[in-house]
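The structure file target34.tsv is reproduced below (TSV, C-alpha atoms and all ligand atoms).
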```
chain	number	residue	atom	x	y	z
A	17	MET	CA	0.00	0.00	0.00
A	18	THR	CA	1.41	3.40	-0.86
A	19	GLU	CA	-1.23	5.66	0.60
A	20	MET	CA	-3.35	5.64	3.71
A	21	ASN	CA	-6.84	6.95	4.22
A	22	GLN	CA	-7.84	9.70	6.62
A	23	ARG	CA	-8.94	7.31	9.29
A	24	GLN	CA	-5.70	5.29	9.21
A	25	ARG	CA	-3.73	8.51	9.31
A	26	TYR	CA	-5.71	9.79	12.28
A	27	ASP	CA	-5.43	6.52	14.20
A	28	LEU	CA	-1.69	6.31	13.60
A	29	LYS	CA	-1.26	9.89	14.73
A	30	ARG	CA	-3.15	9.22	17.96
A	31	THR	CA	-1.17	6.04	18.68
A	32	LEU	CA	2.07	7.92	18.18
A	33	GLU	CA	0.91	10.58	20.62
A	34	GLU	CA	0.34	7.87	23.23
A	35	LEU	CA	3.68	6.21	22.55
A	36	LYS	CA	5.51	9.51	22.76
A	37	ASP	CA	4.15	9.96	26.27
A	38	CYS	CA	5.72	6.69	27.43
A	39	LYS	CA	9.00	7.31	29.23
A	40	GLY	CA	11.11	4.56	30.73
A	41	ARG	CA	12.91	5.25	33.96
A	42	HIS	CA	15.95	3.59	32.42
A	43	THR	CA	16.95	2.08	29.10
A	44	GLU	CA	14.16	-0.46	29.14
A	45	LEU	CA	11.65	0.34	26.40
A	46	ILE	CA	11.93	-1.93	23.39
A	47	SER	CA	10.98	-0.97	19.85
A	48	LEU	CA	11.05	-3.72	17.24
A	49	TYR	CA	10.31	-3.12	13.55
A	50	VAL	CA	9.66	-6.23	11.48
A	51	PRO	CA	9.38	-5.85	7.68
A	52	PRO	CA	6.97	-8.18	5.83
A	53	SER	CA	9.85	-10.04	4.16
A	54	LYS	CA	11.39	-11.10	7.48
A	55	GLN	CA	11.01	-14.69	8.68
A	56	ILE	CA	9.45	-14.97	12.12
A	57	SER	CA	12.05	-17.57	13.07
A	58	ASP	CA	14.82	-15.06	12.28
A	59	VAL	CA	13.20	-12.51	14.56
A	60	THR	CA	12.87	-15.09	17.31
A	61	SER	CA	16.56	-16.04	17.14
A	62	TYR	CA	17.50	-12.37	17.09
A	63	LEU	CA	15.51	-11.88	20.29
A	64	LYS	CA	17.03	-14.99	21.86
A	65	ASN	CA	20.42	-13.42	21.35
A	66	GLU	CA	19.27	-10.09	22.79
A	67	PHE	CA	17.82	-11.98	25.74
A	68	SER	CA	21.14	-13.60	26.63
A	69	GLU	CA	23.03	-10.33	26.17
A	70	SER	CA	20.57	-8.51	28.40
A	71	GLN	CA	21.50	-10.87	31.25
A	72	ASN	CA	24.58	-8.66	31.60
A	73	ILE	CA	22.61	-5.48	32.42
A	74	LYS	CA	23.92	-4.31	35.78
A	75	SER	CA	20.83	-2.78	37.35
A	76	LYS	CA	18.59	-5.52	38.67
A	77	THR	CA	15.27	-3.76	37.93
A	78	THR	CA	16.29	-2.69	34.46
A	79	ARG	CA	17.49	-6.21	33.66
A	80	LYS	CA	14.25	-7.71	34.93
A	81	ASN	CA	12.16	-5.25	32.91
A	82	VAL	CA	14.11	-5.70	29.69
A	83	LEU	CA	13.98	-9.48	29.94
A	84	ALA	CA	10.25	-9.34	30.61
A	85	ALA	CA	9.73	-7.14	27.56
A	86	ILE	CA	11.72	-9.48	25.30
A	87	GLU	CA	9.80	-12.49	26.61
A	88	SER	CA	6.53	-10.72	25.98
A	89	ILE	CA	7.46	-9.99	22.35
A	90	THR	CA	8.69	-13.55	21.81
A	91	GLY	CA	5.37	-14.81	23.15
A	92	ARG	CA	3.40	-12.57	20.83
A	93	LEU	CA	5.49	-13.58	17.83
A	94	LYS	CA	4.38	-17.18	18.29
A	95	THR	CA	0.88	-16.18	17.21
A	96	PHE	CA	2.21	-15.17	13.77
A	97	LYS	CA	3.14	-17.57	10.97
A	98	LYS	CA	4.56	-14.67	8.98
A	99	PRO	CA	4.47	-10.89	9.34
A	100	PRO	CA	1.30	-9.08	8.12
A	101	GLU	CA	1.42	-7.54	4.64
A	102	ASN	CA	2.95	-4.24	5.79
A	103	GLY	CA	5.05	-5.80	8.54
A	104	MET	CA	4.58	-5.05	12.22
A	105	VAL	CA	6.02	-3.03	15.03
A	106	PHE	CA	6.28	-3.92	18.72
A	107	PHE	CA	6.56	-1.35	21.47
A	108	VAL	CA	6.95	-3.08	24.79
A	109	GLY	CA	8.35	-2.12	28.16
A	110	HIS	CA	7.81	-0.67	31.60
A	111	LYS	CA	6.88	2.97	31.38
A	112	SER	CA	7.18	5.28	34.31
A	113	ALA	CA	3.78	5.83	35.93
A	114	GLY	CA	4.33	8.51	38.55
A	115	SER	CA	6.49	8.51	41.71
A	116	ASP	CA	8.10	5.08	42.00
A	117	GLN	CA	5.65	3.14	39.90
A	118	THR	CA	6.05	1.58	36.50
A	119	GLU	CA	3.45	0.09	34.24
A	120	MET	CA	3.97	-2.50	31.52
A	121	VAL	CA	2.83	-1.36	28.08
A	122	GLN	CA	2.56	-3.58	25.01
A	123	TYR	CA	1.67	-2.35	21.56
A	124	VAL	CA	1.63	-4.43	18.40
A	125	ILE	CA	1.04	-2.20	15.44
A	126	GLU	CA	0.28	-3.23	11.89
A	127	PRO	CA	1.24	-0.04	10.09
A	128	PRO	CA	-0.82	1.31	7.18
A	129	LEU	CA	2.34	1.54	5.02
A	130	THR	CA	5.14	-0.97	4.56
A	131	ILE	CA	8.02	-1.27	7.03
A	132	ASN	CA	11.23	-1.52	5.03
A	133	THR	CA	13.93	-2.10	7.60
A	134	PHE	CA	14.35	-4.54	10.45
A	135	LEU	CA	15.24	-2.66	13.60
A	136	TYR	CA	15.61	-3.46	17.29
A	137	ARG	CA	16.15	-0.73	19.82
A	138	CYS	CA	16.19	-0.58	23.59
A	139	ASP	CA	16.07	2.92	25.00
A	140	SER	CA	14.38	5.10	27.63
A	141	GLU	CA	11.79	6.07	25.02
A	142	PHE	CA	10.23	4.35	22.05
A	143	TYR	CA	11.80	4.82	18.65
A	144	LEU	CA	9.03	6.28	16.47
A	145	GLU	CA	10.78	7.87	13.51
A	146	PRO	CA	9.84	5.33	10.80
A	147	LEU	CA	6.16	5.65	11.74
A	148	GLU	CA	6.38	9.43	12.02
A	149	ASP	CA	7.82	9.51	8.50
A	150	MET	CA	4.67	7.79	7.25
A	151	LEU	CA	2.65	10.72	8.56
A	152	SER	CA	4.80	13.45	7.09
A	153	GLU	CA	2.87	15.55	4.61
A	154	LYS	CA	3.51	14.67	0.97
A	155	GLU	CA	1.28	17.35	-0.56
A	156	ILE	CA	3.60	20.33	-0.54
A	157	TYR	CA	3.33	23.33	-2.85
A	158	GLY	CA	5.26	26.55	-3.19
A	159	LEU	CA	3.41	29.86	-3.11
A	160	LEU	CA	4.71	33.05	-4.71
A	161	LEU	CA	3.07	36.47	-4.81
A	162	ILE	CA	4.60	39.22	-6.88
A	163	ASP	CA	3.87	42.72	-8.10
A	164	ARG	CA	6.04	45.80	-8.47
A	165	ARG	CA	5.93	46.61	-4.77
A	166	GLU	CA	5.87	43.38	-2.84
A	167	CYS	CA	6.92	39.77	-3.06
A	168	THR	CA	5.84	37.04	-0.64
A	169	VAL	CA	7.10	33.47	-0.61
A	170	GLY	CA	5.21	30.75	1.22
A	171	ILE	CA	4.53	27.06	1.32
A	172	LEU	CA	1.37	24.98	1.47
A	173	ARG	CA	1.73	21.75	3.45
A	174	GLY	CA	-1.45	19.71	3.15
A	175	ASN	CA	-3.76	22.46	4.32
A	176	ARG	CA	-1.36	24.57	6.32
A	177	VAL	CA	-0.03	27.79	4.87
A	178	GLU	CA	3.37	29.03	6.04
A	179	LEU	CA	4.95	32.39	5.30
A	180	LEU	CA	8.64	32.04	4.44
A	181	LYS	CA	9.71	35.47	3.20
A	182	TYR	CA	8.25	38.92	2.62
A	183	MET	CA	10.11	41.55	0.57
A	184	THR	CA	9.31	45.07	-0.62
A	185	SER	CA	10.73	47.02	-3.54
A	186	GLN	CA	11.84	50.59	-4.15
A	187	VAL	CA	10.23	50.73	-7.59
A	188	PRO	CA	8.53	54.13	-7.98
A	189	GLY	CA	4.87	54.37	-8.94
A	190	LYS	CA	3.76	54.56	-12.56
A	191	HIS	CA	3.50	58.33	-12.66
A	192	GLY	CA	6.45	60.65	-12.35
A	193	LYS	CA	6.66	63.93	-10.52
A	194	GLY	CA	7.26	67.11	-12.51
A	195	GLY	CA	10.74	68.04	-13.65
A	196	GLN	CA	11.74	64.87	-15.43
A	197	SER	CA	10.64	64.00	-18.87
A	198	GLN	CA	7.98	61.30	-18.80
A	199	ARG	CA	9.92	59.06	-21.15
A	200	ARG	CA	13.09	59.22	-19.05
A	201	PHE	CA	11.04	58.52	-15.92
A	202	GLU	CA	9.43	55.49	-17.51
A	203	ARG	CA	12.79	54.15	-18.59
A	204	LEU	CA	14.19	54.49	-15.07
A	205	THR	CA	11.09	52.84	-13.63
A	206	GLU	CA	11.46	49.90	-16.00
A	207	ILE	CA	15.08	49.47	-14.99
A	208	ALA	CA	14.12	49.59	-11.31
A	209	ALA	CA	11.33	47.08	-11.89
A	210	HIS	CA	13.66	44.74	-13.78
A	211	GLU	CA	16.15	44.88	-10.91
A	212	TRP	CA	13.39	44.20	-8.40
A	213	PHE	CA	12.13	41.18	-10.32
A	214	GLN	CA	15.67	39.85	-10.53
A	215	LYS	CA	16.23	40.28	-6.83
A	216	ALA	CA	12.85	38.82	-5.86
A	217	GLY	CA	13.31	35.98	-8.37
A	218	GLU	CA	16.72	35.08	-6.98
A	219	LYS	CA	15.57	35.09	-3.40
A	220	ALA	CA	12.42	33.07	-4.17
A	221	SER	CA	14.48	30.60	-6.21
A	222	ASP	CA	16.91	30.11	-3.33
A	223	ILE	CA	14.05	29.36	-0.95
A	224	PHE	CA	12.19	27.01	-3.30
A	225	ARG	CA	15.38	25.15	-4.20
A	226	GLU	CA	16.01	24.49	-0.51
A	227	HIS	CA	12.59	22.82	-0.36
A	228	LYS	CA	13.11	19.91	-2.72
A	229	GLU	CA	9.85	18.34	-1.52
A	230	ILE	CA	7.76	20.98	-3.32
A	231	LYS	CA	5.59	19.30	-5.96
A	232	GLY	CA	4.56	22.46	-7.78
A	233	ILE	CA	4.31	26.22	-7.44
A	234	PHE	CA	1.34	28.57	-7.59
A	235	VAL	CA	2.03	32.19	-8.52
A	236	GLY	CA	-0.35	35.02	-7.66
A	237	GLY	CA	-0.77	38.77	-7.58
A	238	PRO	CA	-3.03	41.51	-8.95
A	239	GLY	CA	-2.86	42.46	-12.62
A	240	PRO	CA	-0.56	41.16	-15.38
A	241	THR	CA	2.77	41.56	-13.49
A	242	LYS	CA	2.78	37.96	-12.27
A	243	GLN	CA	2.44	36.59	-15.84
A	244	TYR	CA	5.20	38.91	-17.02
A	245	PHE	CA	7.38	37.71	-14.16
A	246	VAL	CA	6.74	34.08	-15.10
A	247	GLU	CA	7.11	34.57	-18.87
A	248	GLU	CA	10.35	36.51	-18.54
A	249	GLU	CA	11.69	33.63	-16.44
A	250	TYR	CA	12.98	35.53	-13.46
A	251	LEU	CA	13.12	32.28	-11.49
A	252	HIS	CA	15.86	29.66	-11.62
A	253	TYR	CA	15.07	27.13	-14.35
A	254	GLU	CA	14.55	24.28	-11.85
A	255	VAL	CA	11.99	26.38	-10.02
A	256	GLN	CA	10.50	27.73	-13.23
A	257	GLU	CA	9.71	24.14	-14.27
A	258	LYS	CA	7.62	23.62	-11.17
A	259	ILE	CA	5.20	26.48	-11.82
A	260	ILE	CA	1.68	25.08	-12.19
A	261	ASP	CA	-0.32	28.21	-12.90
A	262	THR	CA	-0.90	31.89	-12.07
A	263	PHE	CA	-3.92	33.21	-10.18
A	264	ASP	CA	-5.39	36.64	-9.48
A	265	THR	CA	-5.18	37.82	-5.90
A	266	GLY	CA	-5.95	41.22	-4.41
A	267	TYR	CA	-2.95	41.19	-2.11
A	268	THR	CA	0.71	40.32	-2.35
A	269	ASP	CA	1.41	40.05	1.38
A	270	GLU	CA	0.72	37.29	3.89
A	271	PHE	CA	-3.02	37.68	3.44
A	272	GLY	CA	-2.49	37.13	-0.28
A	273	LEU	CA	-1.12	33.65	0.47
A	274	ARG	CA	-4.52	32.54	1.72
A	275	GLU	CA	-6.18	34.16	-1.28
A	276	LEU	CA	-3.80	32.31	-3.57
A	277	VAL	CA	-4.53	28.97	-1.91
A	278	SER	CA	-8.27	29.61	-2.20
A	279	ALA	CA	-7.96	30.51	-5.86
A	280	ALA	CA	-5.75	27.50	-6.60
A	281	SER	CA	-8.07	25.11	-4.76
A	282	GLU	CA	-10.99	26.25	-6.93
A	283	THR	CA	-9.36	24.96	-10.09
A	284	ARG	CA	-7.11	22.28	-8.64
A	285	THR	CA	-9.78	20.06	-7.18
A	286	ASP	CA	-7.29	17.23	-6.62
A	287	LEU	CA	-5.68	19.17	-3.79
A	288	LYS	CA	-6.34	17.92	-0.30
A	289	ILE	CA	-7.33	21.40	0.81
A	290	SER	CA	-9.84	21.77	-2.05
A	291	LYS	CA	-12.01	18.99	-0.71
A	292	GLU	CA	-12.06	20.42	2.80
A	293	LYS	CA	-12.78	23.93	1.60
A	294	LYS	CA	-15.58	22.76	-0.67
A	295	LEU	CA	-17.30	20.71	2.04
A	296	MET	CA	-17.02	23.42	4.69
A	297	LYS	CA	-18.34	25.99	2.24
A	298	LYS	CA	-21.32	23.78	1.49
A	299	PHE	CA	-21.92	23.23	5.20
A	300	LEU	CA	-21.71	26.96	6.04
A	301	LYS	CA	-24.12	27.76	3.24
A	302	GLU	CA	-26.63	25.34	4.74
A	303	VAL	CA	-26.11	26.75	8.24
A	304	THR	CA	-27.07	30.24	7.15
A	305	LYS	CA	-30.34	29.10	5.56
A	306	THR	CA	-33.19	30.21	7.81
A	307	ASP	CA	-35.35	27.13	7.36
A	308	LEU	CA	-34.94	23.62	6.11
A	309	GLY	CA	-31.19	23.84	5.82
A	310	LEU	CA	-29.18	20.66	5.44
A	311	ALA	CA	-26.74	21.47	8.22
A	312	VAL	CA	-26.49	19.81	11.61
A	313	TYR	CA	-23.88	20.43	14.29
A	314	GLY	CA	-23.08	19.66	17.90
A	315	GLU	CA	-22.26	16.14	19.06
A	316	PRO	CA	-25.70	15.02	20.37
A	317	GLN	CA	-27.53	16.45	17.36
A	318	VAL	CA	-25.15	14.91	14.84
A	319	ARG	CA	-25.23	11.58	16.67
A	320	LYS	CA	-28.99	11.56	16.46
A	321	ALA	CA	-28.96	12.39	12.76
A	322	LEU	CA	-26.41	9.61	12.18
A	323	GLU	CA	-28.58	7.10	14.01
A	324	MET	CA	-31.48	8.10	11.77
A	325	GLY	CA	-29.30	7.54	8.70
A	326	ALA	CA	-29.85	11.15	7.66
A	327	VAL	CA	-26.24	12.27	7.32
A	328	ASP	CA	-24.71	12.56	3.90
A	329	THR	CA	-21.28	13.83	5.00
A	330	LEU	CA	-19.93	13.80	8.51
A	331	LEU	CA	-17.40	16.54	9.27
A	332	LEU	CA	-15.08	15.94	12.20
A	333	SER	CA	-12.40	18.20	13.54
A	334	GLU	CA	-9.09	16.38	13.87
A	335	ASN	CA	-8.41	17.93	17.26
A	336	LEU	CA	-11.60	16.86	19.03
A	337	ARG	CA	-9.68	14.81	21.62
A	338	LYS	CA	-12.71	13.24	23.25
A	339	TYR	CA	-13.63	9.72	24.23
A	340	ARG	CA	-16.88	7.84	24.24
A	341	VAL	CA	-16.76	6.03	27.58
A	342	LYS	CA	-18.92	3.16	28.77
A	343	LEU	CA	-19.52	3.01	32.53
A	344	THR	CA	-20.66	-0.28	33.98
A	345	CYS	CA	-21.78	-1.19	37.46
A	346	PRO	CA	-19.76	-4.14	38.79
A	347	THR	CA	-22.70	-5.40	40.87
A	348	CYS	CA	-25.77	-5.14	38.67
A	349	ASP	CA	-25.86	-4.99	34.88
A	350	TYR	CA	-26.52	-1.27	34.66
A	351	SER	CA	-24.36	0.71	32.21
A	352	GLU	CA	-24.32	4.13	30.61
A	353	ILE	CA	-22.34	5.89	27.89
A	354	LYS	CA	-20.80	9.32	28.23
A	355	THR	CA	-18.56	11.63	26.21
A	356	ILE	CA	-15.51	12.79	28.15
A	357	LYS	CA	-12.72	15.10	27.11
A	358	GLU	CA	-9.28	13.52	27.01
A	359	ASP	CA	-7.96	16.09	29.49
A	360	ASP	CA	-10.73	15.32	31.97
A	361	LEU	CA	-10.36	11.57	31.70
A	362	LYS	CA	-7.29	11.32	33.94
A	363	GLU	CA	-9.10	12.94	36.87
A	364	PHE	CA	-12.41	11.29	36.10
A	365	GLU	CA	-14.21	9.61	39.01
A	366	PRO	CA	-17.10	7.43	37.82
A	367	PRO	CA	-20.34	8.18	39.69
A	368	ASP	CA	-22.24	5.68	41.83
A	369	CYS	CA	-24.64	3.30	40.16
A	370	PRO	CA	-28.14	4.81	40.20
A	371	LYS	CA	-29.76	1.34	40.30
A	372	CYS	CA	-27.97	-0.23	43.27
A	373	LYS	CA	-29.28	0.51	46.75
A	374	THR	CA	-25.87	0.33	48.47
A	375	PRO	CA	-23.51	2.91	46.90
A	376	THR	CA	-21.48	1.14	44.23
A	377	GLN	CA	-19.06	3.07	42.07
A	378	MET	CA	-19.29	2.29	38.38
A	379	GLU	CA	-16.21	1.38	36.35
A	380	ILE	CA	-14.99	2.36	32.90
A	381	SER	CA	-15.56	-0.81	30.90
A	382	ASN	CA	-14.76	0.56	27.48
A	383	LYS	CA	-13.42	3.71	25.87
A	384	THR	CA	-13.26	4.68	22.20
A	385	ASP	CA	-11.86	7.79	20.56
A	386	ILE	CA	-14.92	9.76	19.48
A	387	ILE	CA	-13.64	10.18	15.93
A	388	ASP	CA	-13.44	6.41	15.56
A	389	GLU	CA	-16.80	5.93	17.21
A	390	LEU	CA	-18.65	8.50	15.08
A	391	SER	CA	-16.89	7.30	11.91
A	392	ASP	CA	-18.07	3.75	12.60
A	393	LEU	CA	-21.58	5.03	13.12
A	394	ALA	CA	-21.38	6.92	9.83
A	395	GLU	CA	-20.11	3.87	7.95
A	396	LYS	CA	-23.16	1.88	9.03
A	397	THR	CA	-25.43	4.19	7.05
A	398	SER	CA	-22.91	4.82	4.25
A	399	SER	CA	-22.27	8.44	5.16
A	400	ASP	CA	-19.02	9.97	3.96
A	401	VAL	CA	-16.59	11.00	6.66
A	402	GLU	CA	-14.21	13.93	6.34
A	403	ILE	CA	-11.67	14.56	9.07
A	404	ILE	CA	-10.90	18.26	8.83
A	405	SER	CA	-7.35	19.04	9.88
A	406	GLN	CA	-6.45	21.62	12.45
A	407	GLY	CA	-4.49	24.69	11.48
A	408	SER	CA	-6.54	25.40	8.37
A	409	GLU	CA	-9.16	28.15	8.27
A	410	GLU	CA	-11.90	25.57	7.80
A	411	GLY	CA	-10.65	23.31	10.57
A	412	ASP	CA	-10.46	26.15	13.05
A	413	SER	CA	-13.98	27.34	12.36
A	414	LEU	CA	-15.42	23.82	12.61
A	415	TYR	CA	-13.67	23.36	15.95
A	416	SER	CA	-14.44	26.68	17.57
A	417	ALA	CA	-17.88	27.52	16.20
A	418	PHE	CA	-19.48	24.09	15.80
A	419	ASP	CA	-18.07	21.99	18.61
A	420	GLY	CA	-15.87	20.10	16.13
A	421	VAL	CA	-18.74	17.86	15.00
A	422	ALA	CA	-21.00	18.73	12.08
A	423	GLY	CA	-22.81	17.16	9.20
A	424	ILE	CA	-24.42	17.82	5.87
A	425	LEU	CA	-27.78	16.09	5.79
A	426	ARG	CA	-29.47	14.00	3.11
A	427	TYR	CA	-32.80	15.66	3.87
A	428	PRO	CA	-33.89	18.45	6.21
A	429	LEU	CA	-34.45	17.44	9.82
A	430	ASN	CA	-35.77	19.04	12.94
A	431	ILE	CA	-33.48	17.99	15.76
B	501	ZN	ZN	-25.56	-1.27	40.07
```
How does the structure come out when it is put into structure tokens?
Ligand SMILES: [Zn+2]
Amino acid sequence: MTEMNQRQRYDLKRTLEELKDCKGRHTELISLYVPPSKQISDVTSYLKNEFSESQNIKSKTTRKNVLAAIESITGRLKTFKKPPENGMVFFVGHKSAGSDQTEMVQYVIEPPLTINTFLYRCDSEFYLEPLEDMLSEKEIYGLLLIDRRECTVGILRGNRVELLKYMTSQVPGKHGKGGQSQRRFERLTEIAAHEWFQKAGEKASDIFREHKEIKGIFVGGPGPTKQYFVEEEYLHYEVQEKIIDTFDTGYTDEFGLRELVSAASETRTDLKISKEKKLMKKFLKEVTKTDLGLAVYGEPQVRKALEMGAVDTLLLSENLRKYRVKLTCPTCDYSEIKTIKEDDLKEFEPPDCPKCKTPTQMEISNKTDIIDELSDLAEKTSSDVEIISQGSEEGDSLYSAFDGVAGILRYPLNI
């Protein structure tokens, strides 16, 4: 597999966040990457060797913990005849759990993309780089705004816009003051403009050439200057080759970068950001309708619409960070389901069971990330799911104004 879907990407990101939080008190957390081509028996003998070498670890606790981790992995390996199609990764060890406590953690991950290299590491933290690389953004575009007064260089990573450089020129305006002949003034202005384009072109080229990962470049600005700049080839030929198209923008400063991205996403519908922008635009249009709009938002409302099978597209903010938690009474069969913020979960004290006569505290019997839970619900009624990333204009407005959960309906509803 060469690409992963939104859900796989989100789940991997969340797992990595958890793993990053695991700290060993000593060098006792084991990371093991197994590519699909590796024989299980080879991995087992590798571990056998590590096991005997780890007998030499001086600290008694560390030695005990490392040996336990290796044994745990060896045990798990027995359940595999061969590695899964993308390989697998083990993260096992005793993580520090406050004061003097440690807690054993065991993760077996089947990554969404292929593991290429066999790797064993024992450290005080898990080695996550190969998995983090899978998440790194591949959709990267250069942004350039130019007119006779300003030049702005930026980059679009997925749906995040970054400003890299802002420059201003000394080119005088089109109309001269008295005293000079108009023709002479125009000639001087053209020379100044040419020098400015050269300078801006060189600087922009330097920046874009440093970013080899750029797939293409969008050029913007008001009026015909940007086309002139492109046609006269003021950029280095390697950069010149990457230009995709020019677009009209009102501004050539940082604000213009967003304008440029909007303009580009209108015509370049294959861009990741285009899809998000289009869906959020559609949703906002429905929200503003006074009656019978097709918008729904807020977790309980959207959940209800999903259960009715009325949602066409479910929009979820990537940074929701909430869990759907099932509380069960250990004495009777009573249970209830609640949504709890990730930050509140650590301090969370389950309430007493409302059914039992003697006070009995309920227990958390199950917890699911709300994005996974709502996505599953959506899949049951064939609704599309779009996880809107944070950091983009659309993502921020979904998160702050609509509770991070919204939907476009198949038919109007009164919830
Ligand atoms: Zn009870």
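For segment 274-280 of chain A, the residues within 9 Å (counting only C-alpha atoms, excluding itself and residues fewer than 2 positions away along the chain) are Leu159, Leu160, Leu161, Leu172, Val177, Phe234, Val235, Gly236, Gly237, Asp261, Thr262, Phe263, Asp264, Thr265, Gly266, Tyr267, Glu270, Phe271, Gly272, Glu282, Thr283, Arg284, Thr285, Leu287, Ile289, Ser290 and Lys293 of chain A.
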**Request:** Identify, on the basis of only C-alpha atoms, every residue whose closest approach to segment 66-80 of chain A does not exceed 9 Å; exclude the query and any residue fewer than 3 positions from it along the same chain; express the result as a ChimeraX atom specification.
**Result:** /A:41-44,61-63,83-87
Next, the residues of the selection above should be written as a PDB file, keeping the file's coordinate frame with C-alpha atoms.
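Saved file part02.pdb follows:
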```pdb
ATOM      1  CA  ARG A  41      12.910   5.250  33.960  1.00  0.00           C
ATOM      2  CA  HIS A  42      15.950   3.590  32.420  1.00  0.00           C
ATOM      3  CA  THR A  43      16.950   2.080  29.100  1.00  0.00           C
ATOM      4  CA  GLU A  44      14.160  -0.460  29.140  1.00  0.00           C
ATOM      5  CA  SER A  61      16.560 -16.040  17.140  1.00  0.00           C
ATOM      6  CA  TYR A  62      17.500 -12.370  17.090  1.00  0.00           C
ATOM      7  CA  LEU A  63      15.510 -11.880  20.290  1.00  0.00           C
ATOM      8  CA  LEU A  83      13.980  -9.480  29.940  1.00  0.00           C
ATOM      9  CA  ALA A  84      10.250  -9.340  30.610  1.00  0.00           C
ATOM     10  CA  ALA A  85       9.730  -7.140  27.560  1.00  0.00           C
ATOM     11  CA  ILE A  86      11.720  -9.480  25.300  1.00  0.00           C
ATOM     12  CA  GLU A  87       9.800 -12.490  26.610  1.00  0.00           C
TER      13      GLU A  87
END
```
**Item:** Residues within 7 Å of ligand ZN 501 (chain B), counting only C-alpha atoms and all ligand atoms, as a ChimeraX atom specification
**Value:** /A:345-350,369-372,376
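Each of A:Ser115, A:Gln198, A:Asn102, A:Ser88 was checked against Asn132 of chain A using only C-alpha atoms; the smallest atom-to-atom distance is that of A:Asn102.
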Using all atoms listed in the file, which residues of segment 97-205 of chain A come within 9 Å of segment 210-231 of chain A, and what is the closest atom pair for each, with the distance in Å to one decimal? Give it as a Markdown table, sorted by chain and residue number.
```
| residue | atom | partner | partner_atom | distance |
| --- | --- | --- | --- | --- |
| A:Lys154 | CA | A:Glu229 | CA | 7.7 |
| A:Glu155 | CA | A:Lys231 | CA | 7.2 |
| A:Ile156 | CA | A:Ile230 | CA | 5.0 |
| A:Tyr157 | CA | A:Ile230 | CA | 5.0 |
| A:Gly158 | CA | A:Ile230 | CA | 6.1 |
| A:Leu160 | CA | A:Ala220 | CA | 7.7 |
| A:Ile162 | CA | A:Ala216 | CA | 8.3 |
| A:Asp163 | CA | A:Phe213 | CA | 8.7 |
| A:Arg164 | CA | A:Trp212 | CA | 7.5 |
| A:Arg165 | CA | A:Trp212 | CA | 8.6 |
| A:Glu166 | CA | A:Ala216 | CA | 8.9 |
| A:Cys167 | CA | A:Ala216 | CA | 6.6 |
| A:Thr168 | CA | A:Ala220 | CA | 8.5 |
| A:Val169 | CA | A:Ala220 | CA | 6.4 |
| A:Ile171 | CA | A:Ile230 | CA | 8.3 |
| A:Leu172 | CA | A:Ile230 | CA | 8.9 |
| A:Leu180 | CA | A:Ile223 | CA | 8.1 |
| A:Lys181 | CA | A:Ala220 | CA | 8.2 |
| A:Met183 | CA | A:Ala216 | CA | 7.5 |
| A:Thr184 | CA | A:Trp212 | CA | 8.8 |
| A:Ser185 | CA | A:Trp212 | CA | 6.2 |
| A:Gln186 | CA | A:Trp212 | CA | 7.8 |
| A:Val187 | CA | A:Trp212 | CA | 7.3 |
| A:Thr205 | CA | A:His210 | CA | 8.5 |
```
**Asked** What gap, in Å, lies between atom CA of Gly309 of chain A and atom CA of Leu429 of chain A?
**Response**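 A separation of 8.2 Å between them.
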**Prompt:** atom CA of Tyr415 of chain A to atom CA of Asn175 of chain A: how many Å, to one decimal?
**Reply:** 15.3 Å
**Message:** Using all atoms listed in the file for the distances, tell me which of A:Glu352, A:Pro188, A:Val108, A:Leu28 is nearest to Asp149 of chain A.
**Reply:**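 Comparing A:Glu352, A:Pro188, A:Val108, A:Leu28 against Asp149 of chain A, the winner is A:Leu28.
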**Request:** Measure the distance from atom CA of Met120 of chain A to atom CA of Glu141 of chain A in Å and round it to one decimal.
**Result:**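 Atom CA of Met120 of chain A sits 13.3 Å away from atom CA of Glu141 of chain A.
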Using all atoms of segment 345-353 of chain A that appear in the file, construct an axis-aligned enclosing box with 8 Å of padding on every side and provide its centre coordinates and edge lengths in Å, rounded to one decimal, as AutoDock Vina command-line options.
```
--center_x -23.1 --center_y 0.2 --center_z 34.4 --size_x 22.8 --size_y 27.3 --size_z 29.0
```
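Minimum distance to Gly314 of chain A across A:Val421, A:Ile380, A:Val246, A:Leu144 (counting all atoms listed in the file) occurs at A:Val421.
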**Message:** Report as a PyMOL selection string all protein, DNA and RNA residues lying within 12 Å of Tyr49 of chain A, evaluated on all atoms listed in the file, omitting residues in the same chain fewer than 4 positions from it.
**Reply:** chain A and resi 53-54+56+59+89+99+102-108+123-127+130-138+142-147
Residue list as a PDB file with C-alpha atoms, keeping the file's coordinate frame for point (3.8, 23.8, -12.6), cut-off 9 Å, all atoms listed in the file:
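As written to disk, part_20.pdb reads:
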```
ATOM      1  CA  LYS A 231       5.590  19.300  -5.960  1.00  0.00           C
ATOM      2  CA  GLY A 232       4.560  22.460  -7.780  1.00  0.00           C
ATOM      3  CA  ILE A 233       4.310  26.220  -7.440  1.00  0.00           C
ATOM      4  CA  PHE A 234       1.340  28.570  -7.590  1.00  0.00           C
ATOM      5  CA  VAL A 255      11.990  26.380 -10.020  1.00  0.00           C
ATOM      6  CA  GLN A 256      10.500  27.730 -13.230  1.00  0.00           C
ATOM      7  CA  GLU A 257       9.710  24.140 -14.270  1.00  0.00           C
ATOM      8  CA  LYS A 258       7.620  23.620 -11.170  1.00  0.00           C
ATOM      9  CA  ILE A 259       5.200  26.480 -11.820  1.00  0.00           C
ATOM     10  CA  ILE A 260       1.680  25.080 -12.190  1.00  0.00           C
ATOM     11  CA  ASP A 261      -0.320  28.210 -12.900  1.00  0.00           C
TER      12      ASP A 261
END
```
